[in-house]
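Peer 1: mmCIF, C-alpha atoms and all ligand atoms, file query_39.cif:
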data_target
loop_
_atom_site.label_atom_id
_atom_site.label_comp_id
_atom_site.auth_asym_id
_atom_site.auth_seq_id
_atom_site.Cartn_x
_atom_site.Cartn_y
_atom_site.Cartn_z
CA MET O 1 -43.68 50.37 23.99
CA THR O 2 -45.45 47.49 22.20
CA GLY O 3 -48.99 47.98 20.90
CA THR O 4 -50.30 45.65 23.59
CA ALA O 5 -48.55 47.54 26.40
CA ALA O 6 -49.90 50.87 25.07
CA ALA O 7 -53.44 49.43 24.91
CA GLU O 8 -53.09 48.09 28.45
CA GLU O 9 -51.98 51.46 29.75
CA SER O 10 -54.71 53.36 28.00
CA THR O 11 -57.36 51.01 29.42
CA THR O 12 -56.09 51.79 32.91
CA ALA O 13 -55.86 55.54 32.19
CA ASP O 14 -59.38 55.64 30.70
CA THR O 15 -60.85 53.74 33.64
CA LEU O 16 -59.14 56.03 36.16
CA ALA O 17 -60.36 59.09 34.23
CA SER O 18 -63.94 57.80 34.47
CA PHE O 19 -63.84 58.57 38.22
CA GLU O 20 -62.80 62.20 37.65
CA LYS O 21 -66.17 63.66 38.68
CA THR O 22 -66.56 61.64 41.89
CA SER O 23 -67.37 64.26 44.50
CA ASP O 24 -66.56 62.10 47.55
CA PRO O 25 -62.73 62.21 47.69
CA ARG O 26 -62.42 59.05 49.77
CA LEU O 27 -64.65 57.07 47.40
CA LYS O 28 -62.53 58.34 44.50
CA GLU O 29 -59.31 57.29 46.26
CA LEU O 30 -60.65 53.82 47.06
CA LEU O 31 -61.95 53.21 43.52
CA GLU O 32 -58.77 54.45 41.84
CA GLY O 33 -56.64 52.32 44.15
CA LEU O 34 -58.78 49.28 43.43
CA VAL O 35 -58.64 49.72 39.65
CA LEU O 36 -54.86 50.31 39.67
CA ARG O 37 -54.28 47.13 41.67
CA LEU O 38 -56.79 44.98 39.74
CA HIS O 39 -55.35 46.09 36.41
CA GLY O 40 -51.84 45.48 37.74
CA TYR O 41 -52.85 41.96 38.80
CA VAL O 42 -54.31 41.16 35.38
CA ARG O 43 -51.36 42.66 33.51
CA GLU O 44 -48.87 40.73 35.62
CA LEU O 45 -50.57 37.32 35.86
CA ARG O 46 -52.33 37.51 32.45
CA PRO O 47 -55.32 35.23 33.21
CA THR O 48 -56.83 33.46 30.19
CA LEU O 49 -60.44 34.17 29.23
CA GLU O 50 -61.38 30.75 30.66
CA GLU O 51 -59.69 31.57 33.98
CA TRP O 52 -61.51 34.93 34.14
CA GLU O 53 -64.82 33.21 33.39
CA ARG O 54 -64.09 30.70 36.18
CA ALA O 55 -63.38 33.59 38.59
CA VAL O 56 -66.70 35.26 37.66
CA GLU O 57 -68.51 31.93 38.13
CA PHE O 58 -66.86 31.55 41.54
CA LEU O 59 -67.92 35.03 42.70
CA THR O 60 -71.43 34.44 41.35
CA ALA O 61 -71.63 31.23 43.41
CA VAL O 62 -70.40 33.14 46.48
CA GLY O 63 -73.25 35.65 46.05
CA GLN O 64 -75.82 32.95 45.38
CA LYS O 65 -74.83 31.16 48.60
CA CYS O 66 -75.70 34.24 50.69
CA ASP O 67 -79.03 34.59 52.46
CA ASN O 68 -80.28 36.01 55.78
CA THR O 69 -78.28 33.56 57.84
CA ARG O 70 -75.38 32.71 55.52
CA GLN O 71 -72.72 35.27 54.56
CA GLU O 72 -70.38 33.62 52.06
CA PHE O 73 -68.73 36.95 51.13
CA ILE O 74 -67.60 37.53 54.73
CA LEU O 75 -66.33 33.95 54.75
CA LEU O 76 -64.37 34.58 51.54
CA SER O 77 -62.85 37.76 52.98
CA ASP O 78 -61.99 35.78 56.14
CA VAL O 79 -60.18 32.87 54.45
CA LEU O 80 -58.24 35.28 52.22
CA GLY O 81 -56.99 37.09 55.35
CA VAL O 82 -58.67 40.34 54.22
CA SER O 83 -61.02 40.64 57.22
CA MET O 84 -58.06 40.28 59.56
CA MET O 85 -56.00 42.76 57.53
CA VAL O 86 -58.80 45.36 57.79
CA GLU O 87 -58.86 44.82 61.57
CA THR O 88 -55.08 45.12 61.77
CA VAL O 89 -54.73 48.33 59.72
CA ASN O 90 -57.43 49.91 61.85
CA GLY O 91 -54.94 49.78 64.62
CA HIS O 92 -54.64 49.32 68.28
CA GLY O 93 -54.56 52.25 70.64
CA GLY O 94 -54.05 50.54 73.97
CA GLY O 95 -57.39 48.73 74.19
CA THR O 96 -58.17 45.05 73.82
CA GLU O 97 -57.16 43.89 70.34
CA SER O 98 -59.92 43.46 67.81
CA THR O 99 -60.51 40.47 65.59
CA VAL O 100 -62.89 39.33 62.85
CA LEU O 101 -66.68 39.64 63.09
CA GLY O 102 -67.29 36.36 61.25
CA PRO O 103 -70.47 35.39 59.43
CA PHE O 104 -72.62 34.27 62.38
CA HIS O 105 -73.62 37.62 63.87
CA VAL O 106 -76.77 37.41 61.78
CA VAL O 107 -79.52 37.50 64.39
CA GLU O 108 -80.13 39.90 67.25
CA SER O 109 -78.90 38.60 70.57
CA PRO O 110 -81.63 38.30 73.24
CA ALA O 111 -81.28 40.78 76.11
CA ARG O 112 -80.03 39.00 79.23
CA ASP O 113 -79.14 39.92 82.81
CA SER O 114 -75.78 39.36 84.39
CA GLY O 115 -75.70 35.83 85.86
CA ASP O 116 -78.07 34.42 83.20
CA SER O 117 -77.24 31.33 81.19
CA ILE O 118 -76.84 31.65 77.43
CA ASP O 119 -76.94 27.84 77.12
CA LEU O 120 -80.59 27.13 76.31
CA MET O 121 -79.92 23.45 75.56
CA GLY O 122 -78.77 22.36 79.04
CA GLY O 123 -76.87 19.20 79.83
CA GLY O 124 -73.44 20.55 78.89
CA LYS O 125 -70.42 21.11 81.10
CA LEU O 126 -70.85 24.37 83.02
CA CYS O 127 -68.61 27.31 82.28
CA VAL O 128 -68.72 30.73 83.97
CA VAL O 129 -67.48 33.73 81.98
CA SER O 130 -66.75 36.86 84.00
CA VAL O 131 -65.90 40.09 82.20
CA ARG O 132 -64.93 43.56 83.35
CA VAL O 133 -65.16 46.39 80.81
CA THR O 134 -62.82 49.31 81.36
CA SER O 135 -61.50 52.33 79.51
CA THR O 136 -57.80 52.51 78.62
CA ASP O 137 -57.08 54.40 81.88
CA GLY O 138 -58.45 51.42 83.85
CA ALA O 139 -61.73 53.13 84.83
CA PRO O 140 -64.59 50.58 84.89
CA LEU O 141 -67.37 51.39 82.42
CA ALA O 142 -70.90 51.05 83.80
CA GLY O 143 -73.79 50.46 81.39
CA ALA O 144 -71.59 49.22 78.52
CA SER O 145 -73.42 46.89 76.15
CA VAL O 146 -71.76 43.53 75.63
CA ASP O 147 -73.06 41.37 72.79
CA VAL O 148 -71.92 37.75 73.08
CA TRP O 149 -72.24 34.80 70.70
CA GLN O 150 -70.67 31.37 70.65
CA CYS O 151 -71.14 27.85 69.32
CA THR O 152 -72.09 24.74 71.30
CA GLU O 153 -69.81 22.05 72.72
CA GLU O 154 -70.43 20.28 69.40
CA GLY O 155 -69.19 23.28 67.39
CA PHE O 156 -72.44 24.64 65.87
CA TYR O 157 -74.05 28.09 66.08
CA ASP O 158 -77.82 28.24 66.60
CA VAL O 159 -78.42 29.47 63.02
CA GLN O 160 -76.63 26.40 61.64
CA GLN O 161 -79.03 24.00 63.37
CA PRO O 162 -82.61 25.24 63.01
CA GLY O 163 -84.94 22.75 64.65
CA VAL O 164 -82.11 21.42 66.81
CA GLN O 165 -81.07 24.57 68.66
CA PRO O 166 -83.50 27.36 69.57
CA LEU O 167 -82.61 30.69 67.98
CA GLY O 168 -80.70 32.70 70.59
CA ASN O 169 -78.87 29.69 72.00
CA GLY O 170 -75.32 30.76 72.78
CA ARG O 171 -76.21 34.46 72.44
CA GLY O 172 -76.83 37.27 74.87
CA LEU O 173 -76.89 41.05 75.01
CA PHE O 174 -75.70 42.16 78.45
CA ARG O 175 -75.05 45.45 80.23
CA THR O 176 -72.24 45.99 82.68
CA ASP O 177 -73.06 46.93 86.29
CA GLY O 178 -71.69 49.93 88.23
CA GLU O 179 -68.26 48.25 88.44
CA GLY O 180 -68.13 47.55 84.69
CA HIS O 181 -68.74 43.88 85.43
CA LEU O 182 -70.98 41.18 84.02
CA TRP O 183 -70.93 37.41 84.11
CA PHE O 184 -72.86 34.61 82.47
CA ARG O 185 -73.19 30.86 82.50
CA THR O 186 -72.52 28.87 79.36
CA VAL O 187 -70.63 25.81 78.05
CA VAL O 188 -67.06 25.84 76.77
CA PRO O 189 -67.42 26.26 72.98
CA SER O 190 -65.72 23.75 70.71
CA HIS O 191 -63.31 24.37 67.88
CA TYR O 192 -65.27 24.00 64.64
CA PRO O 193 -64.94 23.96 60.86
CA ILE O 194 -66.10 27.05 59.02
CA PRO O 195 -68.89 26.17 56.55
CA THR O 196 -67.38 24.18 53.66
CA ASP O 197 -70.56 23.33 51.69
CA GLY O 198 -70.19 26.39 49.45
CA PRO O 199 -67.64 27.92 47.08
CA VAL O 200 -65.34 28.93 49.95
CA GLY O 201 -65.14 25.26 50.96
CA GLU O 202 -64.21 24.46 47.35
CA LEU O 203 -61.40 27.01 47.56
CA LEU O 204 -60.10 25.45 50.81
CA ARG O 205 -60.11 21.97 49.26
CA ALA O 206 -58.40 23.17 46.09
CA THR O 207 -55.63 24.69 48.22
CA GLU O 208 -55.46 21.75 50.67
CA ARG O 209 -56.21 23.98 53.67
CA HIS O 210 -58.03 22.76 56.78
CA PRO O 211 -61.25 24.61 57.68
CA TYR O 212 -60.94 24.75 61.49
CA ARG O 213 -61.20 27.67 63.88
CA PRO O 214 -59.94 27.29 67.45
CA ALA O 215 -62.63 27.50 70.17
CA HIS O 216 -63.65 31.07 70.99
CA ILE O 217 -66.43 33.35 72.23
CA HIS O 218 -67.34 36.48 70.23
CA PHE O 219 -67.89 39.92 71.78
CA ILE O 220 -69.02 43.31 70.51
CA VAL O 221 -68.60 45.91 73.24
CA ALA O 222 -70.05 49.40 73.01
CA ALA O 223 -69.68 52.06 75.71
CA ASP O 224 -70.57 55.77 75.60
CA GLY O 225 -67.68 57.91 74.38
CA HIS O 226 -65.65 54.87 73.30
CA ARG O 227 -64.89 53.15 70.01
CA PRO O 228 -66.98 49.99 69.59
CA LEU O 229 -64.87 46.84 69.74
CA THR O 230 -65.41 43.54 67.93
CA THR O 231 -63.27 40.77 69.34
CA HIS O 232 -63.06 37.17 70.62
CA VAL O 233 -61.56 35.36 73.54
CA PHE O 234 -59.91 32.10 72.50
CA VAL O 235 -59.85 28.98 74.69
CA ALA O 236 -56.15 28.48 75.50
CA ASP O 237 -56.04 24.69 75.20
CA SER O 238 -58.11 24.48 72.02
CA PRO O 239 -57.00 22.46 68.99
CA HIS O 240 -55.95 24.66 66.03
CA ILE O 241 -55.02 27.58 68.30
CA ASP O 242 -51.90 27.97 66.11
CA SER O 243 -53.54 27.48 62.72
CA ASP O 244 -56.85 29.36 62.61
CA ALA O 245 -58.44 29.04 59.14
CA VAL O 246 -59.17 32.78 59.18
CA PHE O 247 -55.90 34.04 60.77
CA ALA O 248 -57.77 35.73 63.64
CA VAL O 249 -55.86 34.57 66.74
CA LYS O 250 -53.92 37.23 68.63
CA GLU O 251 -51.89 36.10 71.60
CA SER O 252 -53.43 38.73 73.89
CA LEU O 253 -56.90 37.24 73.26
CA VAL O 254 -56.03 33.72 74.42
CA VAL O 255 -57.58 33.04 77.83
CA ASP O 256 -57.32 30.12 80.23
CA PHE O 257 -60.70 28.42 80.75
CA GLY O 258 -59.43 26.64 83.88
CA LEU O 259 -61.29 24.04 85.94
CA VAL O 260 -62.50 25.43 89.29
CA ASP O 261 -63.20 22.97 92.07
CA ASP O 262 -63.90 25.39 94.93
CA GLU O 263 -67.18 25.30 96.85
CA GLU O 264 -66.84 28.88 98.10
CA LYS O 265 -66.36 30.23 94.56
CA ALA O 266 -69.20 28.04 93.26
CA ARG O 267 -71.47 29.44 96.01
CA ARG O 268 -70.59 33.01 94.98
CA TYR O 269 -71.79 32.25 91.44
CA GLY O 270 -74.78 30.26 92.73
CA VAL O 271 -73.64 27.09 90.95
CA THR O 272 -72.79 23.61 92.18
CA GLY O 273 -69.91 21.27 91.45
CA PRO O 274 -66.71 21.90 89.50
CA PHE O 275 -66.95 24.27 86.56
CA ARG O 276 -64.70 25.91 83.98
CA GLU O 277 -64.09 29.62 84.45
CA ALA O 278 -62.79 32.40 82.22
CA GLU O 279 -62.13 35.79 83.80
CA PHE O 280 -60.78 38.73 81.81
CA ASP O 281 -60.96 42.46 81.16
CA ILE O 282 -62.10 44.03 77.90
CA VAL O 283 -60.58 47.46 77.41
CA VAL O 284 -62.20 49.93 75.01
CA GLU O 285 -60.57 53.06 73.67
CA PRO O 286 -61.97 56.58 74.17
CA GLU O 287 -63.31 58.01 70.93
CA SER O 288 -60.71 60.74 70.80
CA GLN O 289 -57.57 59.86 72.61
CA PRO O 290 -54.18 61.31 71.67
CA GLY O 291 -52.86 59.57 68.52
CA SER O 292 -56.24 58.12 67.54
CA GLU O 293 -57.63 58.70 64.03
CA PRO O 294 -60.43 61.15 65.06
CA GLU O 295 -57.95 63.07 67.22
CA ARG O 296 -55.42 63.31 64.38
CA GLU O 297 -58.21 64.57 62.09
CA ARG O 298 -59.24 67.17 64.68
CA GLU O 299 -55.64 68.31 65.12
CA SER O 300 -55.04 68.70 61.39
CA GLU O 301 -58.36 70.58 60.99
CA GLU O 302 -57.28 72.93 63.78
CA ALA O 303 -53.81 73.39 62.26
CA GLY O 304 -55.39 74.31 58.92
CA ARG O 305 -57.76 76.86 60.46
C1 LIG C 1 -66.72 32.79 63.42
O1 LIG C 1 -65.92 32.86 64.31
O2 LIG C 1 -67.91 32.73 63.71
C2 LIG C 1 -66.22 32.71 62.03
C3 LIG C 1 -65.29 33.62 61.59
C4 LIG C 1 -64.82 33.55 60.30
C5 LIG C 1 -65.28 32.55 59.46
C6 LIG C 1 -66.22 31.62 59.91
C7 LIG C 1 -66.69 31.70 61.20
FE FE C 2 -67.09 31.92 65.76
#
For this file, write the structure as structure tokens.

Peer 2:
Amino acid sequence: MTGTAAAEESTTADTLASFEKTSDPRLKELLEGLVLRLHGYVRELRPTLEEWERAVEFLTAVGQKCDNTRQEFILLSDVLGVSMMVETVNGHGGGTESTVLGPFHVVESPARDSGDSIDLMGGGKLCVVSVRVTSTDGAPLAGASVDVWQCTEEGFYDVQQPGVQPLGNGRGLFRTDGEGHLWFRTVVPSHYPIPTDGPVGELLRATERHPYRPAHIHFIVAADGHRPLTTHVFVADSPHIDSDAVFAVKESLVVDFGLVDDEEKARRYGVTGPFREAEFDIVVEPESQPGSEPERERESEEAGR
């Protein structure tokens, strides 16, 4: 072994040894895994001191760009595919697939009743969104909380346009009725570019990547006895549906926002004229169903007893 290789190995060994006394075993595992991989990266790619300094400057700029309504670190994790990877490894046990949270869930959604409009601007093209929340066995879930947020027809979230949009535009916190159902009025959201005025935008330009996300509506669904779910529905005919800047599209989440020109249906919703409609189920998984992580933990605890 050369002197350099021995020094490299002892740096890794010393760093790993520094975690010896960590009492939380999971924290120890995560830190050791991180150090092993970071050291491996440096030893393989051998960045120069200038390149390392540039990386530190970049991460500093990412932190400095963050405030109460801007989360550049989430954005960085998103464009590197890490957010989506965390969603993916956390599996899928028969419920609706999850996808990224994104950086715009930064204000509390106003409580709203089923049938309300979340479009506080008015003047847009009407869209009705109708959702049924069920468990994996198909049973409707009454009283589930459904947090919704979306951008405008122009592709901006309320927090991106203070003074133009009122805070809470495009947002709502709903509860399902006895049949697990809720609906709301809105506009069809647009595809939009993720924010590119910060260091993440610099990274996209340096790698000649486009910044667009296909049109979607965000949901966080929470029901008693079930795992909370963070997901989207994507508008089927949206531009960029096949090239999301943050890799978050899953085929099962793509929904038709079809045009409805049916007076009887309009009357049922209490609206007039043609409108776009999206109707879908969101399925959440019981907290401990066979094969789920908590259930596996419970089984192995019982086996060890
Ligand atoms: C969003 O959908 O709000 C979003 C997700 C990832 C990056 C930027 C925006
Ligand atoms: Fe979004």

Peer 1: Using all atoms listed in the file, find each protein or nucleic acid residue lying at most 10 Å from ligand FE 2 (chain C); present the set as a VMD selection string.

Peer 2: chain O and resid 100 to 105 149 to 151 155 to 157 189 to 194 213 to 218 232 234

Peer 1: Dump C-alpha atoms for the selected residues as a PDB file, in the frame of the given file?

Peer 2:
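The result, stored in part37.pdb:
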ATOM      1  CA  VAL O 100     -62.890  39.330  62.850  1.00  0.00           C
ATOM      2  CA  LEU O 101     -66.680  39.640  63.090  1.00  0.00           C
ATOM      3  CA  GLY O 102     -67.290  36.360  61.250  1.00  0.00           C
ATOM      4  CA  PRO O 103     -70.470  35.390  59.430  1.00  0.00           C
ATOM      5  CA  PHE O 104     -72.620  34.270  62.380  1.00  0.00           C
ATOM      6  CA  HIS O 105     -73.620  37.620  63.870  1.00  0.00           C
ATOM      7  CA  TRP O 149     -72.240  34.800  70.700  1.00  0.00           C
ATOM      8  CA  GLN O 150     -70.670  31.370  70.650  1.00  0.00           C
ATOM      9  CA  CYS O 151     -71.140  27.850  69.320  1.00  0.00           C
ATOM     10  CA  GLY O 155     -69.190  23.280  67.390  1.00  0.00           C
ATOM     11  CA  PHE O 156     -72.440  24.640  65.870  1.00  0.00           C
ATOM     12  CA  TYR O 157     -74.050  28.090  66.080  1.00  0.00           C
ATOM     13  CA  PRO O 189     -67.420  26.260  72.980  1.00  0.00           C
ATOM     14  CA  SER O 190     -65.720  23.750  70.710  1.00  0.00           C
ATOM     15  CA  HIS O 191     -63.310  24.370  67.880  1.00  0.00           C
ATOM     16  CA  TYR O 192     -65.270  24.000  64.640  1.00  0.00           C
ATOM     17  CA  PRO O 193     -64.940  23.960  60.860  1.00  0.00           C
ATOM     18  CA  ILE O 194     -66.100  27.050  59.020  1.00  0.00           C
ATOM     19  CA  ARG O 213     -61.200  27.670  63.880  1.00  0.00           C
ATOM     20  CA  PRO O 214     -59.940  27.290  67.450  1.00  0.00           C
ATOM     21  CA  ALA O 215     -62.630  27.500  70.170  1.00  0.00           C
ATOM     22  CA  HIS O 216     -63.650  31.070  70.990  1.00  0.00           C
ATOM     23  CA  ILE O 217     -66.430  33.350  72.230  1.00  0.00           C
ATOM     24  CA  HIS O 218     -67.340  36.480  70.230  1.00  0.00           C
ATOM     25  CA  HIS O 232     -63.060  37.170  70.620  1.00  0.00           C
ATOM     26  CA  PHE O 234     -59.910  32.100  72.500  1.00  0.00           C
TER      27      PHE O 234
END

Peer 1: Edge lengths and centre in Å to one decimal, as JSON, of the axis-aligned box that encloses all listed atoms of region 168-171 of chain O with 3 Å added on every side?

Peer 2:
{"center_x": -78.0, "center_y": 32.1, "center_z": 71.7, "size_x": 11.4, "size_y": 10.8, "size_z": 8.2}

Peer 1: I'd like the interatomic distance between CA of Phe184 (chain O) and atom C3 of ligand LIG 1 (chain C), to a tenth of an Å.

Peer 2: 22.2 Å

Peer 1: Up to 10 Å from (-62.6, 45.8, 59.0) in the file's coordinates: name the residues, counting all atoms listed in the file, as a list of chain:residue names.

Peer 2: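 Looking at atoms near the point gives O:Val82, O:Ser83, O:Met84, O:Met85, O:Val86, O:Glu87, O:Thr88, O:Val89, O:Asn90, O:Ser98, O:Thr99, O:Val100, O:Leu101, O:Thr230.
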
Peer 1: Which residue is closest to ligand LIG 1 (chain C)? Choose from O:Thr207, O:Ser114, O:Thr196, O:Thr48 and count all atoms listed in the file.

Peer 2: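 Checking each of O:Thr207, O:Ser114, O:Thr196, O:Thr48 against ligand LIG 1 (chain C), counting all atoms listed in the file, the winner is O:Thr196.
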
Peer 1: For ligand LIG 1 (chain C), which of O:Gly123, O:Gly95, O:Pro110, O:Pro195 is the closest residue, counting all atoms listed in the file?

Peer 2: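 The shortest atom-to-atom distance to ligand LIG 1 (chain C) comes from O:Pro195.
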
Peer 1: Hey, can you check how far CA of Val255 (chain O) sits from CA of Thr186 (chain O)?

Peer 2: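 That distance, rounded to one decimal, is 15.6 Å.
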
Peer 1: Excluding Val221 (chain O) and its own-chain neighbours fewer than 5 positions away, which residues fall within 8 Å of it when counting only C-alpha atoms? Please give them as an mmCIF file with C-alpha atoms, in the frame of the given file.

Peer 2:
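Printed below is out.cif as written:
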data_model
loop_
_atom_site.group_PDB
_atom_site.id
_atom_site.type_symbol
_atom_site.label_atom_id
_atom_site.label_comp_id
_atom_site.auth_asym_id
_atom_site.auth_seq_id
_atom_site.Cartn_x
_atom_site.Cartn_y
_atom_site.Cartn_z
ATOM 1 C CA ALA O 144 -71.590 49.220 78.520
ATOM 2 C CA SER O 145 -73.420 46.890 76.150
ATOM 3 C CA VAL O 146 -71.760 43.530 75.630
ATOM 4 C CA ASP O 147 -73.060 41.370 72.790
ATOM 5 C CA PRO O 228 -66.980 49.990 69.590
ATOM 6 C CA LEU O 229 -64.870 46.840 69.740
ATOM 7 C CA THR O 230 -65.410 43.540 67.930
ATOM 8 C CA VAL O 284 -62.200 49.930 75.010
#

Peer 1: Given the choices O:Ser238, O:Thr22, O:Thr15, O:Ser10, which gets closest to Leu34 (chain O) if the distance is worked out from all atoms listed in the file?

Peer 2: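 Once distances to Leu34 (chain O) are computed over all atoms listed in the file, the minimum belongs to O:Thr15.
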
Peer 1: What does the distance between CA of Arg132 (chain O) and CA of Ile282 (chain O) come to in Å, to one decimal place?

Peer 2: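 About the pair CA of Arg132 (chain O) and CA of Ile282 (chain O): they are 6.2 Å apart.
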